[in-house]
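These notes are about the structure you will find just below.
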Amino acid sequence: MPSELAPALYFPVVAAPLRMQAGLLRFGTDFGNGAADSRYFQIDARLESTLAAKHAAPRDRHVMVAPLDAAGERACDAALAWMRATLAAEAPAQLARADVDSAARNPFDALGRAVQEDFAVLDRGPDGAGRTLVVHVCFPSGWRPERLAGASFADIHVPVPSFGKPDAAARSMVSAMIDRGPYVRFVWTLSVDDALDHHPDSGQRAPWPTTPPDKGPRGFLRVERQVTVPLVGADASVFLIRTYLYALDTLDAAQRTVVRAALDAMPDEVRRYKGLPTSDIVFGGDG
């Protein structure tokens, strides 16, 4: 697949109060991006800049559970096999790139350093609540991926508003990822900067100004395309995350109106969790 392709365009914002929910859609759904919507690994014109940013991220963004028990080993073997087979079909040049990466610490690290997606591998865990086995996340949106190896699905989502730590909800999500799918979902937020790496310690996430812009909207729509892939027979799943940034001033008038309405309708707890300002700080007098 040529890397000269324009990045896919996704606009998951709706003019309604934002709910922190699964929002799973069948993988392969056409969102207007042609064949790209049917690819797990989307290689495009931003490949080299994205990989440069990945390689500049601290190496502790890649963590694995060690030592693995037998179930964990089966899950990791199945995940690695699926990733390699999928890249061989979708982006063989990136698989070849991974295979000669002498700086990689292990096969998962090599794959993570060759593709634009971040990823995690999880299995059902001994108690059925999910267990994170591998994390390779260079571009987190304000969280610390290095702390997640071995964590349950519920533990990961404790900070998320309205998720809390209900065991039933966590087990339901784990089952959806492992037993069904593949699925795709989208998560969006806004940022004043265009840095991919928003780790709390990276220093790349700029604070929002406290005054409205003089002219036009400021900032970027940050969209994560998240894909869950069940690994049949391994009681596990691969979770892919691709981060896209779209300058707000490149959106059309109707889309900007939707973003403004979504900000105005956003519950306070969600606004605090995402660290977002009010709509006037983003748009000023622009609609």
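Numbering starts fresh at 1 for the residues of each chain in the structure tokens, the chains themselves are lettered A, B, ... in the order given, and ligands are numbered from 1 as they appear.
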
message: Just want the 10 Å neighbourhood of A:Leu68, counted on only C-alpha atoms, with same-chain residues fewer than 5 positions away dropped. Output as a list in words.
response: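 With the cut-off at 10 Å, the set is Glu73, Arg74, Ala75, Cys76, Leu133 and Gly150 of chain A.
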
For the residues selected in the previous step, produce a file with C-alpha atoms as a PDB file, in the first residue's frame.
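Okay, selection16.pdb is ready:
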```
ATOM      1  CA  GLU A  73       2.083 -16.958  26.253  1.00  0.00           C
ATOM      2  CA  ARG A  74      -0.717 -18.349  24.074  1.00  0.00           C
ATOM      3  CA  ALA A  75      -2.283 -14.907  23.816  1.00  0.00           C
ATOM      4  CA  CYS A  76       0.979 -13.198  22.896  1.00  0.00           C
ATOM      5  CA  LEU A 133      -0.213  -8.314  28.549  1.00  0.00           C
ATOM      6  CA  GLY A 150      -0.860  -6.597  34.072  1.00  0.00           C
TER       7      GLY A 150
END
```

message: What's around A:Arg124 at 7 Å? Count only C-alpha atoms, leave out sequence neighbours fewer than 4 positions away in its own chain, and write the answer as a ChimeraX atom specification.
response: /A:128-131,174,235-236

Tell me, as a JSON list (two decimals) with C-alpha atoms, in the first residue's frame, which residues lie within 9 Å of A:Phe119, counting only C-alpha atoms; anything in the same chain fewer than 4 positions away does not count.
```json
[["chain", "number", "residue", "atom", "x", "y", "z"],
["A", 112, "GLY", "CA", 5.15, -1.08, 17.00],
["A", 134, "VAL", "CA", 1.51, -5.99, 26.08],
["A", 135, "VAL", "CA", 1.33, -2.22, 25.72],
["A", 136, "HIS", "CA", 2.99, -0.27, 22.91],
["A", 137, "VAL", "CA", 1.50, 3.22, 23.15],
["A", 238, "VAL", "CA", -5.49, -7.10, 19.93],
["A", 239, "PHE", "CA", -6.45, -3.47, 20.48],
["A", 240, "LEU", "CA", -5.24, -0.99, 17.85],
["A", 241, "ILE", "CA", -5.19, 2.80, 18.29],
["A", 242, "ARG", "CA", -4.53, 5.25, 15.45]]
```

task: Would you list the contacts of stretch 246-251 of chain A as number ranges by chain, taking every protein, DNA or RNA residue within 12 Å and counting only C-alpha atoms, but skipping same-chain residues closer than 6 positions in sequence?
output: A: 7-11, 13, 188-196, 215-224, 257-260, 282-283, 286-287

task: Would you please give, as a VMD selection string, all residues of stretch 12-220 of chain A that DSSP assigns to alpha helix (DSSP H) based on the backbone?
output: chain A and resid 47 to 56 70 to 90 92 to 99 107 to 112 153 to 156 167 to 179

- request: Could you please determine the separation between atom CA of A:Ser279 and atom CA of A:Leu263 in Å, to one decimal place?
  value: 5.7 Å

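Atom to atom, atom CA of A:Asp37 and atom CA of A:Gly181 stand 15.1 Å apart.
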
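Of the listed residues A:Leu5, A:Thr210, A:Met64, A:Asp69, the one whose atoms come nearest to A:Ala45 is A:Leu5, with distances taken using only C-alpha atoms.
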
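Residue nearest A:Ala15 within the list A:Glu117, A:Asp264, A:Asp280, A:Asp214: A:Asp264 [criterion: smallest interatomic distance, only C-alpha atoms].
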
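Of the listed residues (A:Ser175, A:Ala168, A:Leu111, A:Gly203), A:Leu111 comes nearest to A:Trp82; the distances count only C-alpha atoms.
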
task: Take atom CA of A:Ala35 and atom CA of A:Asp109 and report the distance between them in Å, one decimal.
output: 26.9 Å

message: From a backbone DSSP assignment, name each residue in stretch 3-164 of chain A labelled strand (DSSP E or B), as JSON, numbers by chain.
response: {"A": [25, 26, 62, 63, 64, 118, 119, 120, 121, 122, 123, 131, 132, 133, 134, 135, 136, 141]}

task: Considering only C-alpha atoms, state which residue in the set A:Phe139, A:Trp208, A:Phe41, A:Phe108 is at the smallest distance from A:Pro58.
output: A:Phe139
